[in-house]
Every structure is written in structure tokens, then in C-alpha cells.
$ cat work18.txt   # compact mmCIF, C-alpha atoms
# COMPACT_ATOMS: atom_id res chain seq x y z
CA MET A 1 -13.65 -35.40 -7.44
CA GLN A 2 -11.28 -33.66 -5.03
CA LYS A 3 -10.38 -30.11 -6.02
CA GLU A 4 -6.77 -29.13 -6.62
CA GLN A 5 -4.94 -27.19 -3.92
CA VAL A 6 -3.99 -23.52 -4.15
CA ILE A 7 -0.91 -22.02 -2.49
CA ILE A 8 -1.31 -18.37 -1.42
CA VAL A 9 1.77 -16.33 -0.53
CA GLY A 10 0.88 -13.56 1.93
CA ALA A 11 -1.75 -13.10 4.64
CA GLY A 12 -2.40 -9.40 4.31
CA PRO A 13 -5.81 -8.14 3.15
CA SER A 14 -5.17 -9.47 -0.38
CA GLY A 15 -4.28 -12.96 0.79
CA LEU A 16 -7.19 -13.06 3.24
CA ALA A 17 -9.61 -11.97 0.49
CA MET A 18 -8.20 -14.72 -1.73
CA ALA A 19 -8.62 -17.34 1.00
CA ALA A 20 -12.24 -16.30 1.68
CA CYS A 21 -13.12 -16.48 -2.03
CA LEU A 22 -11.57 -19.95 -2.36
CA ASN A 23 -13.42 -20.99 0.78
CA HIS A 24 -16.63 -19.82 -0.89
CA HIS A 25 -16.01 -22.37 -3.67
CA SER A 26 -14.81 -25.08 -1.25
CA ILE A 27 -11.37 -25.02 -2.90
CA PRO A 28 -8.54 -26.18 -0.59
CA TYR A 29 -5.62 -23.84 -0.03
CA ILE A 30 -2.52 -23.21 2.05
CA ILE A 31 -1.62 -19.64 2.98
CA LEU A 32 2.00 -18.77 3.84
CA GLU A 33 2.90 -15.68 5.85
CA ARG A 34 6.41 -14.55 6.80
CA GLU A 35 5.29 -12.58 9.86
CA ASP A 36 3.70 -13.97 13.05
CA CYS A 37 0.26 -12.48 12.39
CA ILE A 38 -2.16 -11.56 9.63
CA ALA A 39 -2.00 -8.08 8.10
CA SER A 40 1.32 -7.25 9.76
CA LEU A 41 1.56 -3.86 8.03
CA TRP A 42 -1.68 -2.82 9.69
CA LYS A 43 -1.03 -4.49 13.03
CA LYS A 44 2.66 -3.77 13.55
CA TYR A 45 3.99 -1.25 11.04
CA SER A 46 1.45 1.58 10.69
CA TYR A 47 1.16 4.91 12.46
CA ASP A 48 -1.59 5.38 15.04
CA ARG A 49 -3.70 8.01 13.27
CA LEU A 50 -3.96 6.06 10.01
CA HIS A 51 -7.42 5.73 8.45
CA LEU A 52 -8.45 4.18 5.18
CA HIS A 53 -8.18 7.01 2.66
CA LEU A 54 -11.28 5.98 0.72
CA ASP A 55 -14.89 5.63 1.78
CA LYS A 56 -15.49 2.21 3.33
CA GLN A 57 -17.62 1.07 0.40
CA PHE A 58 -14.44 1.01 -1.72
CA CYS A 59 -12.40 -0.91 0.88
CA VAL A 60 -14.60 -3.84 1.89
CA LEU A 61 -13.32 -7.39 1.32
CA PRO A 62 -15.44 -10.05 -0.43
CA HIS A 63 -18.35 -11.78 1.28
CA MET A 64 -18.29 -9.71 4.50
CA PRO A 65 -19.36 -6.05 4.84
CA PHE A 66 -18.03 -3.64 7.42
CA PRO A 67 -20.19 -3.32 10.55
CA ASP A 68 -22.90 -0.68 10.18
CA SER A 69 -21.44 1.13 13.18
CA TYR A 70 -18.18 1.87 11.33
CA PRO A 71 -17.73 5.45 10.07
CA ARG A 72 -17.22 6.30 6.40
CA PHE A 73 -13.46 6.40 6.88
CA VAL A 74 -12.37 3.39 8.87
CA SER A 75 -9.57 3.77 11.41
CA ARG A 76 -6.54 1.50 11.59
CA GLN A 77 -7.83 -0.14 14.77
CA GLN A 78 -11.26 -0.72 13.27
CA PHE A 79 -9.79 -2.21 10.11
CA VAL A 80 -7.61 -4.58 12.15
CA SER A 81 -10.66 -5.67 14.13
CA TYR A 82 -12.55 -6.23 10.87
CA LEU A 83 -9.70 -8.38 9.52
CA ASP A 84 -9.58 -10.45 12.71
CA ASP A 85 -13.32 -11.08 12.42
CA TYR A 86 -12.85 -11.90 8.73
CA VAL A 87 -10.27 -14.58 9.59
CA SER A 88 -12.58 -16.06 12.22
CA ARG A 89 -15.61 -16.06 9.95
CA PHE A 90 -13.87 -17.86 7.07
CA LYS A 91 -11.71 -20.06 9.32
CA ILE A 92 -8.48 -18.86 7.71
CA SER A 93 -5.41 -20.46 9.33
CA PRO A 94 -2.16 -19.20 7.80
CA LEU A 95 1.15 -20.96 8.30
CA TYR A 96 3.05 -18.17 10.06
CA ARG A 97 6.75 -17.36 9.97
CA ARG A 98 7.22 -19.01 6.58
CA THR A 99 9.54 -17.16 4.22
CA VAL A 100 9.21 -18.33 0.64
CA GLU A 101 12.64 -19.03 -0.83
CA SER A 102 11.52 -20.33 -4.21
CA ALA A 103 8.42 -21.11 -6.24
CA GLU A 104 8.79 -22.90 -9.54
CA PHE A 105 6.42 -24.62 -11.93
CA ASP A 106 7.15 -28.29 -12.59
CA GLY A 107 6.14 -29.01 -16.17
CA GLU A 108 6.14 -32.78 -15.64
CA THR A 109 3.70 -32.82 -12.72
CA GLY A 110 1.83 -29.65 -13.75
CA LYS A 111 2.22 -28.27 -10.23
CA TRP A 112 3.95 -25.43 -8.46
CA ILE A 113 6.71 -26.45 -6.06
CA VAL A 114 7.10 -23.92 -3.26
CA LYS A 115 10.00 -24.05 -0.80
CA ALA A 116 9.48 -22.02 2.37
CA ARG A 117 11.76 -21.68 5.35
CA ASN A 118 10.10 -22.19 8.73
CA LEU A 119 11.62 -19.37 10.78
CA GLY A 120 10.76 -21.24 13.98
CA SER A 121 12.58 -24.48 13.21
CA GLY A 122 14.91 -23.21 10.50
CA GLU A 123 13.87 -26.06 8.23
CA VAL A 124 12.89 -25.66 4.59
CA GLU A 125 9.42 -27.05 3.91
CA GLU A 126 8.31 -28.09 0.43
CA LEU A 127 4.70 -27.68 -0.70
CA GLU A 128 3.02 -28.30 -4.00
CA GLY A 129 -0.17 -27.03 -5.58
CA ARG A 130 -1.80 -26.84 -8.99
CA PHE A 131 -2.25 -23.09 -8.53
CA LEU A 132 -0.06 -20.34 -7.02
CA VAL A 133 -1.41 -16.94 -5.97
CA VAL A 134 1.06 -14.14 -5.22
CA ALA A 135 -0.59 -12.00 -2.54
CA SER A 136 2.52 -10.65 -0.87
CA GLY A 137 1.37 -7.08 -1.30
CA GLU A 138 2.56 -3.82 -2.80
CA THR A 139 3.91 -2.73 0.59
CA SER A 140 6.09 -5.68 1.49
CA ASP A 141 9.67 -4.35 1.84
CA PRO A 142 10.29 -0.83 3.23
CA PHE A 143 12.45 1.28 0.92
CA THR A 144 14.94 3.93 2.03
CA PRO A 145 16.80 5.75 -0.77
CA VAL A 146 20.57 5.99 -0.93
CA ILE A 147 21.60 9.55 0.02
CA GLU A 148 25.18 10.77 0.16
CA GLY A 149 26.21 11.22 3.79
CA LEU A 150 23.17 9.61 5.39
CA ASN A 151 25.52 7.42 7.42
CA THR A 152 27.00 10.56 9.01
CA PHE A 153 23.66 11.75 10.41
CA PRO A 154 23.88 11.52 14.23
CA GLY A 155 20.15 11.61 14.97
CA ASP A 156 17.38 9.05 14.59
CA VAL A 157 16.62 7.79 11.08
CA LEU A 158 13.45 5.76 10.65
CA HIS A 159 11.13 4.51 7.93
CA SER A 160 7.43 5.32 8.21
CA THR A 161 6.82 1.69 9.23
CA ARG A 162 8.55 2.47 12.53
CA PHE A 163 6.69 5.74 13.21
CA ARG A 164 3.74 5.53 15.62
CA ASN A 165 2.93 9.12 16.59
CA GLY A 166 4.57 12.48 17.16
CA LYS A 167 4.57 12.50 20.98
CA ALA A 168 8.25 11.62 21.32
CA PHE A 169 9.32 14.35 18.89
CA GLN A 170 8.00 17.48 20.62
CA ASN A 171 10.32 20.45 20.05
CA GLN A 172 12.57 18.38 17.79
CA LYS A 173 13.50 19.44 14.27
CA VAL A 174 12.08 16.63 12.16
CA LEU A 175 12.46 16.15 8.41
CA VAL A 176 9.83 14.03 6.68
CA VAL A 177 11.05 12.73 3.32
CA GLY A 178 8.25 11.84 0.92
CA SER A 179 4.98 13.57 0.08
CA GLY A 180 2.62 10.67 -0.47
CA ASN A 181 -0.31 10.17 1.86
CA SER A 182 1.88 8.70 4.62
CA GLY A 183 4.36 11.56 4.46
CA MET A 184 1.62 14.19 4.53
CA GLU A 185 -0.16 12.55 7.47
CA ILE A 186 3.01 11.94 9.48
CA ALA A 187 4.07 15.58 8.96
CA PHE A 188 0.60 16.64 10.15
CA ASP A 189 0.87 14.42 13.23
CA LEU A 190 4.35 15.72 14.08
CA ALA A 191 3.20 19.34 13.78
CA ASN A 192 0.22 18.57 16.02
CA HIS A 193 2.61 17.27 18.67
CA GLY A 194 4.83 20.35 18.62
CA ALA A 195 7.67 19.17 16.40
CA GLN A 196 9.39 21.70 14.13
CA THR A 197 8.36 19.89 10.98
CA SER A 198 9.77 20.07 7.46
CA LEU A 199 8.49 18.07 4.50
CA VAL A 200 10.42 17.16 1.36
CA VAL A 201 8.19 17.44 -1.72
CA ARG A 202 10.16 16.36 -4.79
CA SER A 203 7.44 15.95 -7.42
CA PRO A 204 4.18 17.69 -8.34
CA VAL A 205 1.17 16.25 -6.49
CA HIS A 206 -2.60 16.50 -6.64
CA ILE A 207 -4.21 17.39 -3.32
CA LEU A 208 -7.89 16.60 -2.90
CA SER A 209 -10.30 16.34 0.01
CA ARG A 210 -11.96 13.06 0.98
CA ASP A 211 -15.25 14.25 -0.47
CA MET A 212 -13.63 15.28 -3.75
CA ILE A 213 -12.12 11.82 -4.14
CA TYR A 214 -15.42 10.17 -3.28
CA LEU A 215 -17.20 12.29 -5.89
CA GLY A 216 -14.52 11.48 -8.46
CA LEU A 217 -14.75 7.73 -7.83
CA ILE A 218 -18.51 7.86 -8.42
CA LEU A 219 -18.34 10.09 -11.51
CA VAL A 220 -15.56 8.12 -13.21
CA LYS A 221 -18.00 5.22 -13.59
CA TYR A 222 -20.25 7.33 -15.81
CA ILE A 223 -18.21 10.01 -17.57
CA ARG A 224 -14.79 10.28 -19.19
CA VAL A 225 -11.73 10.47 -16.96
CA ASN A 226 -10.52 13.73 -18.49
CA LEU A 227 -13.82 15.44 -17.55
CA VAL A 228 -13.64 14.08 -14.00
CA ASP A 229 -10.04 15.27 -13.74
CA SER A 230 -10.96 18.77 -14.95
CA LEU A 231 -13.61 18.98 -12.24
CA MET A 232 -11.22 17.67 -9.56
CA VAL A 233 -8.52 20.19 -10.45
CA MET A 234 -11.07 23.04 -10.46
CA LEU A 235 -12.38 22.02 -7.02
CA SER A 236 -8.84 21.66 -5.68
CA LYS A 237 -7.96 25.17 -6.87
CA LEU A 238 -11.11 26.58 -5.26
CA VAL A 239 -10.46 24.90 -1.90
CA TYR A 240 -6.66 25.00 -1.62
CA GLY A 241 -5.71 27.87 -3.92
CA ASP A 242 -2.27 28.24 -5.47
CA LEU A 243 0.17 26.16 -3.43
CA SER A 244 3.19 26.89 -5.63
CA LYS A 245 4.21 29.75 -3.32
CA TYR A 246 4.68 27.11 -0.61
CA GLY A 247 6.69 24.75 -2.84
CA ILE A 248 3.86 22.44 -3.98
CA TYR A 249 2.97 22.19 -7.66
CA ARG A 250 0.16 20.43 -9.50
CA PRO A 251 0.99 17.84 -12.18
CA LYS A 252 -0.04 18.57 -15.76
CA GLU A 253 -1.89 15.24 -15.94
CA GLY A 254 -5.11 14.76 -14.00
CA PRO A 255 -5.41 12.85 -10.69
CA PHE A 256 -7.57 9.97 -11.90
CA PHE A 257 -5.59 9.60 -15.13
CA MET A 258 -2.37 9.37 -13.09
CA LYS A 259 -3.89 6.78 -10.77
CA ALA A 260 -4.96 4.62 -13.71
CA ALA A 261 -1.79 5.11 -15.77
CA TYR A 262 0.92 5.07 -13.10
CA GLY A 263 -0.74 3.89 -9.89
CA LYS A 264 0.05 7.30 -8.37
CA TYR A 265 -2.64 8.27 -5.88
CA PRO A 266 -3.71 11.87 -5.19
CA ILE A 267 -3.08 13.18 -1.70
CA THR A 268 -6.07 12.96 0.60
CA ASP A 269 -5.80 16.13 2.66
CA ILE A 270 -6.63 15.76 6.36
CA GLY A 271 -5.40 19.19 7.42
CA THR A 272 -1.78 19.21 6.25
CA CYS A 273 -2.38 21.99 3.70
CA LYS A 274 -3.65 24.33 6.40
CA LYS A 275 -0.49 23.73 8.43
CA ILE A 276 1.68 24.31 5.36
CA LYS A 277 -0.05 27.64 4.72
CA SER A 278 0.34 28.65 8.39
CA GLN A 279 4.03 27.67 8.15
CA GLU A 280 3.70 25.06 10.90
CA ILE A 281 5.05 22.70 8.24
CA ARG A 282 7.87 23.91 6.00
CA VAL A 283 8.09 22.48 2.47
CA LEU A 284 11.58 21.76 1.11
CA PRO A 285 12.85 20.41 -2.24
CA SER A 286 14.89 17.26 -2.90
CA ILE A 287 17.87 16.37 -0.72
CA CYS A 288 21.33 16.65 -2.29
CA SER A 289 23.41 15.32 0.58
CA ILE A 290 23.74 15.08 4.34
CA ARG A 291 26.70 16.33 6.39
CA GLY A 292 26.31 15.34 10.02
CA ASN A 293 23.05 16.84 11.23
CA GLU A 294 22.99 19.31 8.34
CA VAL A 295 20.87 18.41 5.30
CA VAL A 296 21.72 20.09 1.99
CA PHE A 297 18.83 20.67 -0.43
CA GLU A 298 18.81 21.12 -4.20
CA ASN A 299 17.95 24.82 -3.89
CA GLY A 300 21.26 25.36 -2.09
CA THR A 301 19.84 25.78 1.41
CA THR A 302 21.11 23.84 4.41
CA HIS A 303 19.10 23.03 7.55
CA PRO A 304 19.88 21.07 10.74
CA PHE A 305 17.62 18.25 11.96
CA ASP A 306 17.33 15.93 14.93
CA THR A 307 15.35 13.19 13.20
CA ILE A 308 14.63 12.05 9.65
CA VAL A 309 11.50 10.05 8.83
CA PHE A 310 11.55 8.36 5.42
CA CYS A 311 8.07 7.99 3.91
CA THR A 312 9.56 6.69 0.71
CA GLY A 313 7.40 3.67 0.09
CA PHE A 314 8.16 0.04 -0.54
CA LYS A 315 9.76 -2.40 -2.91
CA ARG A 316 8.80 -6.01 -3.58
CA SER A 317 11.05 -9.09 -3.50
CA THR A 318 8.85 -11.40 -5.58
CA ASN A 319 11.46 -11.53 -8.35
CA VAL A 320 13.91 -13.14 -5.90
CA TRP A 321 11.80 -16.22 -5.18
CA LEU A 322 9.37 -16.55 -8.12
CA LYS A 323 11.17 -18.55 -10.79
CA GLY A 324 10.41 -18.80 -14.49
CA ASP A 325 7.74 -16.07 -14.75
CA ASP A 326 8.41 -13.54 -17.47
CA TYR A 327 4.76 -12.89 -18.25
CA LEU A 328 2.76 -11.77 -15.21
CA LEU A 329 4.96 -9.68 -12.89
CA ASN A 330 7.67 -7.13 -13.60
CA ASP A 331 11.00 -6.92 -11.76
CA ASP A 332 9.39 -4.76 -9.07
CA GLY A 333 6.65 -7.31 -8.37
CA ILE A 334 3.79 -5.39 -10.01
CA SER A 335 1.58 -6.89 -12.72
CA LYS A 336 2.81 -6.22 -16.25
CA LEU A 337 -0.60 -6.84 -17.72
CA SER A 338 -3.29 -4.26 -18.34
CA PHE A 339 -6.58 -4.03 -16.47
CA PRO A 340 -8.87 -5.98 -16.45
CA ASN A 341 -6.73 -9.08 -17.22
CA HIS A 342 -3.83 -8.16 -14.94
CA TRP A 343 -4.41 -10.94 -12.39
CA LYS A 344 -3.88 -14.07 -14.53
CA GLY A 345 -0.53 -15.50 -15.58
CA LYS A 346 0.43 -18.83 -17.09
CA ASN A 347 0.51 -22.37 -15.67
CA GLY A 348 -1.92 -21.57 -12.87
CA LEU A 349 -0.06 -18.47 -11.63
CA TYR A 350 -2.12 -15.53 -10.37
CA CYS A 351 -1.56 -12.27 -8.50
CA VAL A 352 -3.98 -10.43 -6.24
CA GLY A 353 -3.62 -6.82 -5.11
CA LEU A 354 -0.60 -6.10 -7.30
CA SER A 355 -2.10 -3.69 -9.82
CA ARG A 356 -2.00 -0.46 -7.77
CA ARG A 357 -5.78 -0.43 -7.38
CA GLY A 358 -5.93 -0.59 -3.58
CA LEU A 359 -8.24 -2.73 -1.48
CA TYR A 360 -11.04 -2.39 -4.02
CA GLY A 361 -8.79 -3.83 -6.71
CA ALA A 362 -7.58 -6.65 -4.44
CA ALA A 363 -11.16 -7.66 -3.63
CA SER A 364 -12.06 -7.71 -7.32
CA ASP A 365 -8.92 -9.72 -8.16
CA ALA A 366 -9.72 -12.33 -5.50
CA LEU A 367 -13.25 -12.83 -6.79
CA ASN A 368 -12.05 -13.19 -10.39
CA ILE A 369 -9.23 -15.58 -9.51
CA ALA A 370 -11.44 -17.82 -7.39
CA ASP A 371 -14.02 -18.02 -10.18
CA ASP A 372 -11.29 -18.84 -12.71
CA ILE A 373 -9.69 -21.54 -10.54
CA ASN A 374 -13.11 -23.04 -9.85
CA SER A 375 -13.83 -23.23 -13.58
CA LEU A 376 -10.57 -25.17 -14.12
CA GLN A 377 -11.27 -27.80 -11.47

$ encode --input "work18.txt" --output "C-alpha cells"
Amino acid sequence: MQKEQVIIVGAGPSGLAMAACLNHHSIPYIILEREDCIASLWKKYSYDRLHLHLDKQFCVLPHMPFPDSYPRFVSRQQFVSYLDDYVSRFKISPLYRRTVESAEFDGETGKWIVKARNLGSGEVEELEGRFLVVASGETSDPFTPVIEGLNTFPGDVLHSTRFRNGKAFQNQKVLVVGSGNSGMEIAFDLANHGAQTSLVVRSPVHILSRDMIYLGLILVKYIRVNLVDSLMVMLSKLVYGDLSKYGIYRPKEGPFFMKAAYGKYPITDIGTCKKIKSQEIRVLPSICSIRGNEVVFENGTTHPFDTIVFCTGFKRSTNVWLKGDDYLLNDDGISKLSFPNHWKGKNGLYCVGLSRRGLYGAASDALNIADDINSLQ
């Protein structure tokens, strides 16, 4: 008996993992991608010095290991090469430049009807499948906050997806807004290239080294999260000291608890802390407003800048095109359901990589979903 078709939305790492797992079960699928390539965030919208923040054993996709020659922390270029090889190995052929306009379950036929606009021809194509997998990613739509007076700023304003490296910013006064991993790394890169770099840190953050995070990921499998967190905070204090004098504060809740509860990752330090302590990077509080090239901060200070780089994350637009789902995904396109059952909705709807668990979580989701779909065939 012929197996029912699956429609996958998104050809980033999550969608590719899903396709490979379906391929493993000989389940037919169609994969839709709005860009003109796989993994567009990695290929077109990431900064040059980006590396996977976790050890490669936590970032591998199903059914194909990283090459033995790859280092523990895989570079952007190496990861892109791995994904290209992954596509070749599993013969994944996405339909590119397809923007999904609607996806709705038809109760009469028991199938999902997906309407996608072909950006090449302009036509709307209609597809149907018994199963629908949302794999459009947590980092799909760049987000820039609304700030009073931003439109008066005369310099360059860019999102982190448009930043490549700091070469073009030498001797410029650059403000990096956002203190997640991207913001910290971009500030580090700018300082390395001779920019006068400032970094907005609005909220308390945990800062850990790569080895601390690796140790924590191993320990959390065997001992309670609160004990792991206590160890992580102690190690962080020993290595980095008290950063409050520089404008950086630690949260009251532990790093691994916050990751599990809120999807908030600790900062993986690659040298940014050293530059903050040496005052090569200045830490500033939240922005109140912008007046021309002058930025006003909540502590009352005002500083001029030539460029502003927003490392303020992403939103998701799933709620615009996914119709009739009030069970699986919230308004921001993240799974409402708790781990480990966060990937399965109703009527054959699934999501992969939308639980704030990184590549490791996406790989696990894809394996679970493929097994579930196979059991329903």
C-alpha cells in the first residue's frame, strides 16, 4: 500500500532532518522553502566568525555524523558543507522560492491543503498531504524593536543577519543592541577590527565557557538541574569574577533551569568578557530614545554613534498562514506543549525544531515524528 505524503515547510536544518528521517522510512514528502537555497540563515544571513556554540556531538543531524576531521566546535562554513552533503546523501530536493500563504486541514478529505506562492512565476500552487510538518525555524523573521527616534538616526542601521564582519567598521563608533550569543560575538568581532564598540545589555545573563557548558550538558543527564546550575555559577564566578562593575549581572535562576523553562541560552564566552574588562567594549543599559546620531540610555547618559547593529533576535510568522491550530503552536510560532510531547499536534500536524532546544532538539523531534507518521501509515 502506498504511504501517505508529508508536506514539510522549511528547508533549514530542521526541515532537512525531517526529510532524511522520512526518507529512512520510505515515506514520500514535499519540502517547501521560501528562499533559493537550503539553510539560508547559515548560507546567506550569518556572520563570518560564527561557530556552533555546542560541541558537535550535540549538533549532528539524524543518520549522518560529522566528518571525523571536523573540530569540536564546527564553523559556519563547515556546517554549511555538512548540510550540502546531507542533502546529497538523502537526495533532498526542496521546492525553492515557495512562500506558504495558507495551510488548513480539510475534515472531509482528512488532508492538509497547503497554498504556496511560487515567487518565480507568481502563481499560487495548491498541495495536499495527510501530514503537515512545520519546520520553518525559530529564526525565520528578523526582529528590530520599535525605538523612539530610530528613524532620525543618520548612520547605518542593520540587523545581525546583515552583518558579516567588522572590517568595514574600523574606527567607527558602533552600538550593538542585544546581549545574546550573536550580540556578544559581533561586539567581539567589531572590537577585534578596531571599532569603538558599545554593547547594550538590558537583562541579567549567565556567561559560561564552552567547556563549562559541555560539562553541564553531560552532568544534567545524571544529576538534578539545580545542582548542575550551582556548579556552573560557581565556575563562572571563579573564571569571570564579579561583572556587575562592568554593567553585567547574573540572573537569580540557574543557566540550565532558564534554558529548560524559558528557552534562554547562557552566553558562550569566546573572549568578549576579556574585552569588556579591558574596556575595549563598553557596556550600556537599555535605550530610551534616539535623537539624530545621539542615543539616550536609561541611566541618563547620551552617546553618539555611526552605526547601530541590532542583535535582537527573530519572530515567527506561522500564525499568519497556519489556520485552525489552537493546540500545538502559540502566537509566536513556538510549541505550546511541554517536553517530551511538544512535537505532535492534532490531525497529522507536527512541528520540528520549535521547542527552543537547538539542533539537538530538532534532530530528536525529526526522529520521533518520522516514527509516529510511519506507525500511522

$ atom_distance --input "work18.txt" --atom1 "atom CA of Pro204 of chain A" --atom2 "atom CA of Thr272 of chain A"
15.8 Å

$ axis_aligned_box --input "work18.txt" --around "segment 149-164 of chain A" --padding-each-side "5 Å" --output "JSON"
{"center_x": 15.4, "center_y": 6.7, "center_z": 9.7, "size_x": 33.3, "size_y": 20.1, "size_z": 21.8}

$ residues_around --input "work18.txt" --residues "Cys273 of chain A" --least-positions-apart "2" --cutoff "10 Å" --atoms "only C-alpha atoms" --output "ChimeraX atom specification"
/A:184,188,207,240,243,246,248,269-271,275-281

$ residues_around --input "work18.txt" --residues "Gln2 of chain A" --least-positions-apart "4" --cutoff "12 Å" --atoms "all atoms listed in the file" --output "PyMOL selection string"
chain A and resi 26-28+374+377

$ write_last_selection --input "work18.txt" --atoms "C-alpha atoms" --output "PDB file, in the coordinates of the input"
ATOM      1  CA  SER A  26     -14.810 -25.080  -1.250  1.00  0.00           C
ATOM      2  CA  ILE A  27     -11.370 -25.020  -2.900  1.00  0.00           C
ATOM      3  CA  PRO A  28      -8.540 -26.180  -0.590  1.00  0.00           C
ATOM      4  CA  ASN A 374     -13.110 -23.040  -9.850  1.00  0.00           C
ATOM      5  CA  GLN A 377     -11.270 -27.800 -11.470  1.00  0.00           C
TER       6      GLN A 377
END

$ closest_residue --input "work18.txt" --among "A:Ser69, A:Gln196, A:Thr307, A:Ser375" --to "Pro154 of chain A" --atoms "only C-alpha atoms"
A:Thr307

$ residues_around --input "work18.txt" --residues "Phe66 of chain A" --least-positions-apart "4" --cutoff "10 Å" --atoms "all atoms listed in the file" --output "count of residues only"
13

$ atom_distance --input "work18.txt" --atom1 "atom CA of Asn165 of chain A" --atom2 "atom CA of Ser179 of chain A"
17.2 Å

$ residues_near_point --input "work18.txt" --point "(-14.9, 11.9, -7.9)" --cutoff "10 Å" --atoms "only C-alpha atoms" --output "PyMOL selection string"
chain A and resi 208+210-221+225+228-229+231-232+255-256

$ write_last_selection --input "work18.txt" --atoms "C-alpha atoms" --output "tab-separated table (two decimals), in the coordinates of the input"
chain	number	residue	atom	x	y	z
A	208	LEU	CA	-7.89	16.60	-2.90
A	210	ARG	CA	-11.96	13.06	0.98
A	211	ASP	CA	-15.25	14.25	-0.47
A	212	MET	CA	-13.63	15.28	-3.75
A	213	ILE	CA	-12.12	11.82	-4.14
A	214	TYR	CA	-15.42	10.17	-3.28
A	215	LEU	CA	-17.20	12.29	-5.89
A	216	GLY	CA	-14.52	11.48	-8.46
A	217	LEU	CA	-14.75	7.73	-7.83
A	218	ILE	CA	-18.51	7.86	-8.42
A	219	LEU	CA	-18.34	10.09	-11.51
A	220	VAL	CA	-15.56	8.12	-13.21
A	221	LYS	CA	-18.00	5.22	-13.59
A	225	VAL	CA	-11.73	10.47	-16.96
A	228	VAL	CA	-13.64	14.08	-14.00
A	229	ASP	CA	-10.04	15.27	-13.74
A	231	LEU	CA	-13.61	18.98	-12.24
A	232	MET	CA	-11.22	17.67	-9.56
A	255	PRO	CA	-5.41	12.85	-10.69
A	256	PHE	CA	-7.57	9.97	-11.90

$ closest_residue --input "work18.txt" --among "A:Gly183, A:Gly348, A:Pro65, A:Gly361" --to "Cys311 of chain A" --atoms "all atoms listed in the file"
A:Gly183

$ closest_residue --input "work18.txt" --among "A:Val100, A:Val283, A:Leu41, A:Ala363" --to "Glu123 of chain A" --atoms "all atoms listed in the file"
A:Val100

$ atom_distance --input "work18.txt" --atom1 "atom CA of Ala195 of chain A" --atom2 "atom CA of Arg49 of chain A"
16.2 Å

$ closest_residue --input "work18.txt" --among "A:Tyr96, A:Phe143, A:Phe297, A:Phe153" --to "Arg316 of chain A" --atoms "all atoms listed in the file"
A:Phe143

$ residues_around --input "work18.txt" --residues "Glu35 of chain A" --least-positions-apart "2" --cutoff "9 Å" --atoms "all atoms listed in the file" --output "PyMOL selection string"
chain A and resi 11+33+37-40+96-99

$ closest_residue --input "work18.txt" --among "A:Ile113, A:Ile287, A:Leu376, A:Leu227" --to "Gly129 of chain A" --atoms "only C-alpha atoms"
A:Ile113

$ build_atoms --input "work18.txt" --residues "segment 252-265 of chain A" --atoms "N, CA and C atoms" --output "PDB file, in the frame of the given file"
ATOM      1  N   LYS A 252       0.703  18.193 -14.556  1.00  0.00           N
ATOM      2  CA  LYS A 252      -0.040  18.570 -15.760  1.00  0.00           C
ATOM      3  C   LYS A 252      -1.133  17.555 -16.061  1.00  0.00           C
ATOM      4  N   GLU A 253      -0.887  16.284 -15.722  1.00  0.00           N
ATOM      5  CA  GLU A 253      -1.890  15.240 -15.940  1.00  0.00           C
ATOM      6  C   GLU A 253      -2.853  15.188 -14.765  1.00  0.00           C
ATOM      7  N   GLY A 254      -4.082  14.761 -15.022  1.00  0.00           N
ATOM      8  CA  GLY A 254      -5.110  14.760 -14.000  1.00  0.00           C
ATOM      9  C   GLY A 254      -4.958  13.659 -12.967  1.00  0.00           C
ATOM     10  N   PRO A 255      -5.596  13.810 -11.785  1.00  0.00           N
ATOM     11  CA  PRO A 255      -5.410  12.850 -10.690  1.00  0.00           C
ATOM     12  C   PRO A 255      -5.906  11.438 -10.986  1.00  0.00           C
ATOM     13  N   PHE A 256      -7.047  11.310 -11.640  1.00  0.00           N
ATOM     14  CA  PHE A 256      -7.570   9.970 -11.900  1.00  0.00           C
ATOM     15  C   PHE A 256      -6.867   9.324 -13.087  1.00  0.00           C
ATOM     16  N   PHE A 257      -6.418  10.145 -14.051  1.00  0.00           N
ATOM     17  CA  PHE A 257      -5.590   9.600 -15.130  1.00  0.00           C
ATOM     18  C   PHE A 257      -4.289   9.052 -14.559  1.00  0.00           C
ATOM     19  N   MET A 258      -3.644   9.800 -13.655  1.00  0.00           N
ATOM     20  CA  MET A 258      -2.370   9.370 -13.090  1.00  0.00           C
ATOM     21  C   MET A 258      -2.523   8.108 -12.248  1.00  0.00           C
ATOM     22  N   LYS A 259      -3.641   7.991 -11.559  1.00  0.00           N
ATOM     23  CA  LYS A 259      -3.890   6.780 -10.770  1.00  0.00           C
ATOM     24  C   LYS A 259      -4.017   5.569 -11.685  1.00  0.00           C
ATOM     25  N   ALA A 260      -4.758   5.735 -12.773  1.00  0.00           N
ATOM     26  CA  ALA A 260      -4.960   4.620 -13.710  1.00  0.00           C
ATOM     27  C   ALA A 260      -3.682   4.299 -14.484  1.00  0.00           C
ATOM     28  N   ALA A 261      -2.955   5.319 -14.905  1.00  0.00           N
ATOM     29  CA  ALA A 261      -1.790   5.110 -15.770  1.00  0.00           C
ATOM     30  C   ALA A 261      -0.542   4.689 -15.006  1.00  0.00           C
ATOM     31  N   TYR A 262      -0.331   5.289 -13.824  1.00  0.00           N
ATOM     32  CA  TYR A 262       0.920   5.070 -13.100  1.00  0.00           C
ATOM     33  C   TYR A 262       0.737   4.499 -11.698  1.00  0.00           C
ATOM     34  N   GLY A 263      -0.504   4.340 -11.258  1.00  0.00           N
ATOM     35  CA  GLY A 263      -0.740   3.890  -9.890  1.00  0.00           C
ATOM     36  C   GLY A 263      -0.382   4.943  -8.862  1.00  0.00           C
ATOM     37  N   LYS A 264      -0.325   6.200  -9.279  1.00  0.00           N
ATOM     38  CA  LYS A 264       0.050   7.300  -8.370  1.00  0.00           C
ATOM     39  C   LYS A 264      -1.223   7.932  -7.813  1.00  0.00           C
ATOM     40  N   TYR A 265      -1.412   7.803  -6.508  1.00  0.00           N
ATOM     41  CA  TYR A 265      -2.640   8.270  -5.880  1.00  0.00           C
ATOM     42  C   TYR A 265      -2.565   9.770  -5.578  1.00  0.00           C
TER      43      TYR A 265
END
